[in-house]
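Chemist: I'd like to ask some things about the structure below.
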Amino acid sequence: RNERLRILSQKKLRAFYQSFAETEKRVLFEHNTDEKLMSGFTDNYIKVIAPKDESLINTIKEVRLGKYNDELEAFEVEIITESVLV
């Protein structure tokens with residue numbers, strides 16, 4: 001029973017994430033230890049990843065959600081603005 005609930009939860013999360021594919025969202029990028037990638041979260045807690053750029057850490061940027069990365073459980077994003085005022 002536990003396994004079935006876990007699978008259902010994953011399916012629902014994936015469906016929620018996929019409903020935002022190819023949309024534009026604001027993301028707060030955070031510091032992480034990966035050498036090549038940084039991560040962040042949208043205002044509705046969708047995890048995103050992007051190539052690491054130290055200047056973007058602790059900033060909010062407008063991005064386009066692209067491909068969902070199953071391994072990292074996050075959307076790959078394209079930054080579409082240089083700055084977003086909060």
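Chains: A, B, ... in order of the structure tokens. Residues: from 1 per chain. Ligands: from 1, in order shown.
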Pick out the residues sitting within 12 Å of A:Ala21, and hand them over as a JSON list (two decimals) with all heavy atoms, in the first residue's frame; count only C-alpha atoms, and ignore anything fewer than 5 positions along from it in its own chain.

Modeler:
```
[["chain", "number", "residue", "atom", "x", "y", "z"],
["A", 14, "ARG", "N", 4.38, 15.04, -10.91],
["A", 14, "ARG", "CA", 4.81, 15.17, -12.31],
["A", 14, "ARG", "C", 3.74, 15.86, -13.15],
["A", 14, "ARG", "O", 4.04, 16.73, -13.96],
["A", 14, "ARG", "CB", 5.12, 13.79, -12.87],
["A", 14, "ARG", "CG", 5.47, 13.77, -14.32],
["A", 14, "ARG", "CD", 6.93, 13.66, -14.48],
["A", 14, "ARG", "NE", 7.26, 13.86, -15.88],
["A", 14, "ARG", "CZ", 8.20, 13.27, -16.49],
["A", 14, "ARG", "NH1", 8.94, 12.42, -15.84],
["A", 14, "ARG", "NH2", 8.46, 13.53, -17.73],
["A", 15, "ALA", "N", 2.46, 15.51, -12.95],
["A", 15, "ALA", "CA", 1.37, 16.15, -13.68],
["A", 15, "ALA", "C", 1.30, 17.64, -13.35],
["A", 15, "ALA", "O", 1.10, 18.48, -14.24],
["A", 15, "ALA", "CB", 0.05, 15.47, -13.37],
["A", 16, "PHE", "N", 1.48, 17.99, -12.07],
["A", 16, "PHE", "CA", 1.49, 19.39, -11.65],
["A", 16, "PHE", "C", 2.63, 20.12, -12.35],
["A", 16, "PHE", "O", 2.43, 21.19, -12.93],
["A", 16, "PHE", "CB", 1.64, 19.47, -10.13],
["A", 16, "PHE", "CG", 1.84, 20.87, -9.62],
["A", 16, "PHE", "CD1", 0.78, 21.77, -9.58],
["A", 16, "PHE", "CD2", 3.08, 21.29, -9.18],
["A", 16, "PHE", "CE1", 0.95, 23.06, -9.11],
["A", 16, "PHE", "CE2", 3.27, 22.58, -8.71],
["A", 16, "PHE", "CZ", 2.20, 23.47, -8.67],
["A", 46, "ILE", "N", 8.15, 25.07, -7.70],
["A", 46, "ILE", "CA", 8.64, 24.19, -8.74],
["A", 46, "ILE", "C", 10.16, 24.35, -8.80],
["A", 46, "ILE", "O", 10.66, 25.47, -8.95],
["A", 46, "ILE", "CB", 8.01, 24.51, -10.11],
["A", 46, "ILE", "CG1", 6.51, 24.22, -10.06],
["A", 46, "ILE", "CG2", 8.70, 23.72, -11.23],
["A", 46, "ILE", "CD1", 5.77, 24.66, -11.30],
["A", 48, "VAL", "N", 13.81, 24.31, -10.31],
["A", 48, "VAL", "CA", 14.42, 24.52, -11.62],
["A", 48, "VAL", "C", 15.93, 24.42, -11.51],
["A", 48, "VAL", "O", 16.50, 24.62, -10.42],
["A", 48, "VAL", "CB", 14.03, 25.89, -12.23],
["A", 48, "VAL", "CG1", 12.52, 26.02, -12.35],
["A", 48, "VAL", "CG2", 14.62, 27.03, -11.45],
["A", 63, "VAL", "N", 12.08, 33.39, -16.06],
["A", 63, "VAL", "CA", 12.62, 32.29, -16.85],
["A", 63, "VAL", "C", 11.50, 31.62, -17.64],
["A", 63, "VAL", "O", 10.32, 31.77, -17.32],
["A", 63, "VAL", "CB", 13.32, 31.22, -15.98],
["A", 63, "VAL", "CG1", 14.45, 31.83, -15.16],
["A", 63, "VAL", "CG2", 12.34, 30.50, -15.09],
["A", 64, "ARG", "N", 11.89, 30.87, -18.66],
["A", 64, "ARG", "CA", 10.97, 30.01, -19.39],
["A", 64, "ARG", "C", 11.28, 28.58, -18.99],
["A", 64, "ARG", "O", 12.41, 28.13, -19.10],
["A", 64, "ARG", "CB", 11.12, 30.16, -20.89],
["A", 64, "ARG", "CG", 10.21, 29.17, -21.66],
["A", 64, "ARG", "CD", 10.20, 29.41, -23.14],
["A", 64, "ARG", "NE", 9.62, 30.69, -23.50],
["A", 64, "ARG", "CZ", 8.30, 30.96, -23.49],
["A", 64, "ARG", "NH1", 7.45, 30.05, -23.10],
["A", 64, "ARG", "NH2", 7.85, 32.13, -23.85],
["A", 65, "LEU", "N", 10.27, 27.88, -18.47],
["A", 65, "LEU", "CA", 10.44, 26.48, -18.08],
["A", 65, "LEU", "C", 10.53, 25.64, -19.35],
["A", 65, "LEU", "O", 9.69, 25.75, -20.23],
["A", 65, "LEU", "CB", 9.28, 26.01, -17.22],
["A", 65, "LEU", "CG", 9.05, 26.78, -15.92],
["A", 65, "LEU", "CD1", 7.84, 26.23, -15.19],
["A", 65, "LEU", "CD2", 10.25, 26.75, -15.04],
["A", 66, "GLY", "N", 11.57, 24.82, -19.42],
["A", 66, "GLY", "CA", 11.79, 24.00, -20.60],
["A", 66, "GLY", "C", 11.57, 22.53, -20.32],
["A", 66, "GLY", "O", 10.53, 22.13, -19.81],
["A", 67, "LYS", "N", 12.59, 21.74, -20.59],
["A", 67, "LYS", "CA", 12.52, 20.29, -20.45],
["A", 67, "LYS", "C", 12.56, 19.91, -18.97],
["A", 67, "LYS", "O", 13.31, 20.48, -18.18],
["A", 67, "LYS", "CB", 13.70, 19.67, -21.19],
["A", 67, "LYS", "CG", 13.78, 18.18, -21.10],
["A", 67, "LYS", "CD", 15.01, 17.66, -21.84],
["A", 67, "LYS", "CE", 15.16, 16.19, -21.56],
["A", 67, "LYS", "NZ", 16.52, 15.81, -21.31],
["A", 68, "TYR", "N", 11.77, 18.90, -18.61],
["A", 68, "TYR", "CA", 11.80, 18.38, -17.24],
["A", 68, "TYR", "C", 12.90, 17.33, -17.15],
["A", 68, "TYR", "O", 12.96, 16.40, -17.95],
["A", 68, "TYR", "CB", 10.45, 17.75, -16.87],
["A", 68, "TYR", "CG", 10.38, 17.30, -15.44],
["A", 68, "TYR", "CD1", 10.23, 18.21, -14.41],
["A", 68, "TYR", "CD2", 10.52, 15.96, -15.11],
["A", 68, "TYR", "CE1", 10.18, 17.80, -13.10],
["A", 68, "TYR", "CE2", 10.47, 15.53, -13.80],
["A", 68, "TYR", "CZ", 10.31, 16.47, -12.79],
["A", 68, "TYR", "OH", 10.27, 16.06, -11.49],
["A", 69, "ASN", "N", 13.79, 17.49, -16.19],
["A", 69, "ASN", "CA", 14.90, 16.56, -15.97],
["A", 69, "ASN", "C", 14.48, 15.56, -14.90],
["A", 69, "ASN", "O", 14.41, 15.91, -13.72],
["A", 69, "ASN", "CB", 16.14, 17.35, -15.55],
["A", 69, "ASN", "CG", 17.36, 16.51, -15.41],
["A", 69, "ASN", "OD1", 17.33, 15.44, -14.81],
["A", 69, "ASN", "ND2", 18.47, 17.00, -15.95],
["A", 74, "ALA", "N", 13.66, 18.36, -11.74],
["A", 74, "ALA", "CA", 13.58, 19.80, -11.89],
["A", 74, "ALA", "C", 13.46, 20.17, -13.36],
["A", 74, "ALA", "O", 13.87, 19.40, -14.23],
["A", 74, "ALA", "CB", 14.82, 20.46, -11.30],
["A", 75, "PHE", "N", 12.91, 21.35, -13.62],
["A", 75, "PHE", "CA", 12.86, 21.87, -14.98],
["A", 75, "PHE", "C", 14.18, 22.52, -15.33],
["A", 75, "PHE", "O", 14.78, 23.23, -14.51],
["A", 75, "PHE", "CB", 11.77, 22.95, -15.11],
["A", 75, "PHE", "CG", 10.42, 22.43, -15.42],
["A", 75, "PHE", "CD1", 9.45, 22.39, -14.44],
["A", 75, "PHE", "CD2", 10.09, 22.01, -16.69],
["A", 75, "PHE", "CE1", 8.18, 21.93, -14.71],
["A", 75, "PHE", "CE2", 8.82, 21.54, -16.98],
["A", 75, "PHE", "CZ", 7.87, 21.50, -15.99],
["A", 76, "GLU", "N", 14.62, 22.32, -16.56],
["A", 76, "GLU", "CA", 15.72, 23.10, -17.10],
["A", 76, "GLU", "C", 15.10, 24.40, -17.58],
["A", 76, "GLU", "O", 13.99, 24.41, -18.10],
["A", 76, "GLU", "CB", 16.40, 22.34, -18.24],
["A", 76, "GLU", "CG", 17.03, 21.05, -17.75],
["A", 76, "GLU", "CD", 17.55, 20.17, -18.88],
["A", 76, "GLU", "OE1", 17.54, 20.60, -20.05],
["A", 76, "GLU", "OE2", 17.97, 19.05, -18.57],
["A", 77, "VAL", "N", 15.79, 25.52, -17.37],
["A", 77, "VAL", "CA", 15.20, 26.82, -17.70],
["A", 77, "VAL", "C", 16.11, 27.67, -18.58],
["A", 77, "VAL", "O", 17.32, 27.46, -18.62],
["A", 77, "VAL", "CB", 14.85, 27.63, -16.43],
["A", 77, "VAL", "CG1", 13.80, 26.92, -15.61],
["A", 77, "VAL", "CG2", 16.07, 27.95, -15.59]]
```

Chemist: Got a sec: who's within 6 Å of stretch 28-38 of chain A, counting only C-alpha atoms, leaving out chain neighbours fewer than 5 positions off, as a PDB file with N, CA, C and O atoms, in the first residue's frame?

Modeler:
```pdb
ATOM      1  N   ILE A  49      16.573  24.134 -12.646  1.00  0.00           N
ATOM      2  CA  ILE A  49      18.029  24.114 -12.712  1.00  0.00           C
ATOM      3  C   ILE A  49      18.472  24.926 -13.923  1.00  0.00           C
ATOM      4  O   ILE A  49      17.748  25.033 -14.910  1.00  0.00           O
ATOM      5  N   ALA A  50      19.662  25.501 -13.810  1.00  0.00           N
ATOM      6  CA  ALA A  50      20.234  26.292 -14.897  1.00  0.00           C
ATOM      7  C   ALA A  50      21.752  26.191 -14.793  1.00  0.00           C
ATOM      8  O   ALA A  50      22.286  25.856 -13.722  1.00  0.00           O
ATOM      9  N   PRO A  51      22.447  26.497 -15.885  1.00  0.00           N
ATOM     10  CA  PRO A  51      23.908  26.527 -15.793  1.00  0.00           C
ATOM     11  C   PRO A  51      24.330  27.515 -14.705  1.00  0.00           C
ATOM     12  O   PRO A  51      23.727  28.581 -14.558  1.00  0.00           O
ATOM     13  N   LYS A  52      25.340  27.159 -13.949  1.00  0.00           N
ATOM     14  CA  LYS A  52      25.749  27.975 -12.807  1.00  0.00           C
ATOM     15  C   LYS A  52      26.283  29.331 -13.257  1.00  0.00           C
ATOM     16  O   LYS A  52      27.090  29.423 -14.178  1.00  0.00           O
ATOM     17  N   ILE A  57      22.890  34.108  -8.151  1.00  0.00           N
ATOM     18  CA  ILE A  57      22.527  33.539  -6.850  1.00  0.00           C
ATOM     19  C   ILE A  57      21.918  34.619  -5.966  1.00  0.00           C
ATOM     20  O   ILE A  57      22.402  35.746  -5.904  1.00  0.00           O
ATOM     21  N   ASN A  58      20.830  34.272  -5.319  1.00  0.00           N
ATOM     22  CA  ASN A  58      20.047  35.168  -4.453  1.00  0.00           C
ATOM     23  C   ASN A  58      19.385  36.305  -5.222  1.00  0.00           C
ATOM     24  O   ASN A  58      19.159  37.377  -4.677  1.00  0.00           O
ATOM     25  N   THR A  59      19.079  36.055  -6.492  1.00  0.00           N
ATOM     26  CA  THR A  59      18.334  37.021  -7.287  1.00  0.00           C
ATOM     27  C   THR A  59      17.090  36.340  -7.839  1.00  0.00           C
ATOM     28  O   THR A  59      17.021  35.121  -7.936  1.00  0.00           O
ATOM     29  N   ILE A  60      16.119  37.162  -8.207  1.00  0.00           N
ATOM     30  CA  ILE A  60      14.894  36.661  -8.816  1.00  0.00           C
ATOM     31  C   ILE A  60      14.948  37.015 -10.291  1.00  0.00           C
ATOM     32  O   ILE A  60      15.150  38.181 -10.655  1.00  0.00           O
TER      33      ILE A  60
END
```

Chemist: Looking only at strand (DSSP E) from DSSP on the backbone, list the matching residues of chain A as an NGL selection string.

Modeler: :A and (24-30 or 37-42 or 47-51 or 60-69 or 74-79)

Chemist: Can I get the selection written as a compact mmCIF listing (two decimals), in the first residue's frame, with C-alpha atoms?

Modeler:
```
# COMPACT_ATOMS: atom_id res chain seq x y z
CA GLU A 24 7.27 31.84 -17.89
CA LYS A 25 7.77 32.09 -14.13
CA ARG A 26 9.83 34.07 -11.64
CA VAL A 27 12.57 32.07 -9.94
CA LEU A 28 14.70 32.74 -6.88
CA PHE A 29 18.08 31.16 -7.58
CA GLU A 30 19.90 29.68 -4.60
CA LEU A 37 24.44 23.80 -12.16
CA MET A 38 22.49 26.06 -9.85
CA SER A 39 18.95 25.54 -8.70
CA GLY A 40 16.04 27.65 -7.61
CA PHE A 41 12.31 27.63 -7.01
CA THR A 42 9.34 29.35 -8.57
CA LYS A 47 12.32 23.29 -8.70
CA VAL A 48 14.42 24.52 -11.62
CA ILE A 49 18.03 24.11 -12.71
CA ALA A 50 20.23 26.29 -14.90
CA PRO A 51 23.91 26.53 -15.79
CA ILE A 60 14.89 36.66 -8.82
CA LYS A 61 14.79 36.20 -12.58
CA GLU A 62 12.05 35.65 -15.13
CA VAL A 63 12.62 32.29 -16.85
CA ARG A 64 10.97 30.01 -19.39
CA LEU A 65 10.44 26.48 -18.08
CA GLY A 66 11.79 24.00 -20.60
CA LYS A 67 12.52 20.29 -20.45
CA TYR A 68 11.80 18.38 -17.24
CA ASN A 69 14.90 16.56 -15.97
CA ALA A 74 13.58 19.80 -11.89
CA PHE A 75 12.86 21.87 -14.98
CA GLU A 76 15.72 23.10 -17.10
CA VAL A 77 15.20 26.82 -17.70
CA GLU A 78 16.16 29.65 -20.00
CA ILE A 79 16.59 33.04 -18.35
```
